[in-house]
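Student: One structure follows; several queries about it will come next.
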Amino acid sequence: MNGNIRYSIVIPMYNEEAVIEETYRRLKKVMSSTEETYELLFVNDGSRDRSAEIIKRCAEWDDTVKLLDFSRNFGHQIAITAGVDYAVGDAVIIIDADLQDPPELILQMIEKWKEGYEVVYAKRVQRKGETWFKKATASLFYRVLRASTDISIPVDTGDFRLMDRKVSNEMKRITENNRFVRGLVSWVGFRQTAVEYIRDERMAGETKYPLKRMLKLSLDGILSFSYKPLKLAVYSGLAVSGSGFLYLLYVLYMSMFTDATIKGWPSLVSIMLIFNGFMLLILGILGEYVGRIYDESKGRPLYVVREYTGDAASRYKEAQ
Ligand code: UDP
Ligand code: MG
């Protein structure tokens with residue numbers, strides 16, 4: 001019972017006043033060409049600019065537009081989660097607000113969906129207008145992620161994807177904090193396929209993912225799908241004490257069978273610094289896991305909504 005909405009487009013936005021109107025127009029054009037029913041669900045993630053006002057104005061005369069307004073900034077991954085929670089369509093499509101993900105690709109995704117695939121994700125074969133640093137770190141991250149997790153998370157894909165109703169219902173049951181949504185979609189399973197695209201430049205405005213946030217996202221990705229970082233302590237501990245033992249044999253030999261004395265001070269200091277640093281690093285990794293356990297144990301809601309302009313009742317009906 002979803003008021004017969006076929007497609008839900010979820011658009012997370014954070015300070016996107018420079019592009020949001022154009023995004024709306026492009027999406028509108030693409031979606032009306034399907035000649036099926038749809039909703040454009042904009043999630044305002046605590047923008048401090050006019051993004052929400054602009055969308056609200058659109059919603060006044062266009063009833064396919066809905067605004068889910070957060071009480072503050074909760075982050076991109078949470079905004080997507082909320083969008084999926086509130087979306088009622090038979091297929092839910094997540095797309096960035098900055099037009100880096102071409103709306104026209106949605107039509108190809110829909111085609112694949114109609115062929116029977118339940119998740120259609122967009123794979124970036126090329127990225128335009130991003131610094132070499134971002135491209136290199138992103139590429140490294142996806143490969144580390146692939147090497148460290150057991151479930152297969154496709155490389156070079158973002159959150160731009162289509163999910164069948166069945167899949168988004170399963171997504172709603174996942175309540176974990178520090179989410180890495182694209183990993184969770186892989187975890188859920190179902191028949192998944194890709195469409196390829198060239199990622200455009202951001203139309204206007206600037207990236208909301210500075211290095212610090214990218215690091216947080218990468219950590220969430222790796223830590224919530226793998227225990228391997230914890231094993232670092234075991235293997236490196238073995239290696240370190242193994243080589244220490246060998247060195248001890250060497251020192252014993254030198255002092256018993258030769259006259260040479262081994263000078264220790266500089267090497268002692270550097271070895272101490274290196275290994276104390278290493279131990280702190282491992283403690284830090286442990287801390288990351290413990291912190292995440294702490295977040296889970298608090299059981300706080302993932303987000304707080306100030307206002308939803310759509311039909312809230314339909315959401316609760318859907319969730320049951
Ligand atoms: N975004 C959000 N909340 C945030 C940061 C970003 O909703 O705290 C949205 C942003 O408006 C955009 C999408 O997430 O629609 C992706 O962000 P951005 O384009 O800045 O990331 P990039 O493409 O540079 O990785
Ligand atoms: Mg972007």
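Chain labels run A, B, ... following the order of the structure tokens; each chain numbers its residues from 1, and ligands are numbered from 1 in the order shown.
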Please identify all polymer residues within 12 Å of Val30 in chain A, counting only C-alpha atoms, omitting same-chain residues fewer than 4 positions from it, and present them as a PyMOL selection string.
Tutor: chain A and resi 7+9+23-26+34-36+38+40+102-108+110
Student: Counting only C-alpha atoms, which residues of range 227-278 of chain A fall within 12 Å of range 219-223 of chain A, and what is the closest atom pair for each with its distance in Å at one decimal, ordered by chain and rising number, as a tab-separated table?
Tutor:
```
residue	atom	partner	partner_atom	distance
A:Tyr227	CA	A:Leu223	CA	6.8
A:Lys228	CA	A:Leu223	CA	8.4
A:Pro229	CA	A:Leu223	CA	7.7
A:Leu230	CA	A:Leu223	CA	9.5
```
Student: Could you save the residues just selected, with N, CA and C atoms, as a CSV table (one decimal), in the first residue's frame?
Tutor:
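To be explicit, this is the file written out as selection-v5.csv:
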```
chain,number,residue,atom,x,y,z
A,227,TYR,N,37.2,-8.2,10.7
A,227,TYR,CA,38.0,-8.3,11.9
A,227,TYR,C,39.5,-8.2,11.6
A,228,LYS,N,39.8,-8.2,10.4
A,228,LYS,CA,41.2,-8.4,10.0
A,228,LYS,C,42.2,-7.4,10.7
A,229,PRO,N,41.8,-6.1,10.8
A,229,PRO,CA,42.8,-5.2,11.5
A,229,PRO,C,43.2,-5.7,12.9
A,230,LEU,N,42.3,-6.4,13.5
A,230,LEU,CA,42.6,-6.9,14.9
A,230,LEU,C,43.7,-8.0,14.8
```
Student: 9 Å from ligand 1 is the threshold here; counting only C-alpha atoms and all ligand atoms, which polymer residues fall inside it? Answer as a count of residues only.
Tutor: 40
Student: Between A:Phe160, A:Phe190, A:Tyr308, A:Tyr294, which has the minimum distance to ligand 2 (counting only C-alpha atoms and all ligand atoms)?
Tutor: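 Checking each of A:Phe160, A:Phe190, A:Tyr308, A:Tyr294 against ligand 2, counting only C-alpha atoms and all ligand atoms, the winner is A:Phe160.
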Student: Quote the spacing between CA of Leu41 in chain A and CA of Tyr86 in chain A in Å to one decimal place.
Tutor: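 Between CA of Leu41 in chain A and CA of Tyr86 in chain A the gap is 8.3 Å.
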Student: Do you have the CA of Val125 in chain A-CA of Val155 in chain A distance handy?
Tutor: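 Interatomic distance, CA of Val125 in chain A to CA of Val155 in chain A: 10.3 Å.
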Student: Quick check, in Å to one decimal: how far apart do CA of Lys216 in chain A and CA of Asn178 in chain A lie?
Tutor: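 It comes out at 8.8 Å.
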Student: Taking only C-alpha atoms and all ligand atoms into account, name the residue in A:Ser148, A:Thr64, A:Lys56, A:Ala204 that is nearest to ligand 2.
Tutor: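 Closest residue, counting only C-alpha atoms and all ligand atoms: A:Ala204.
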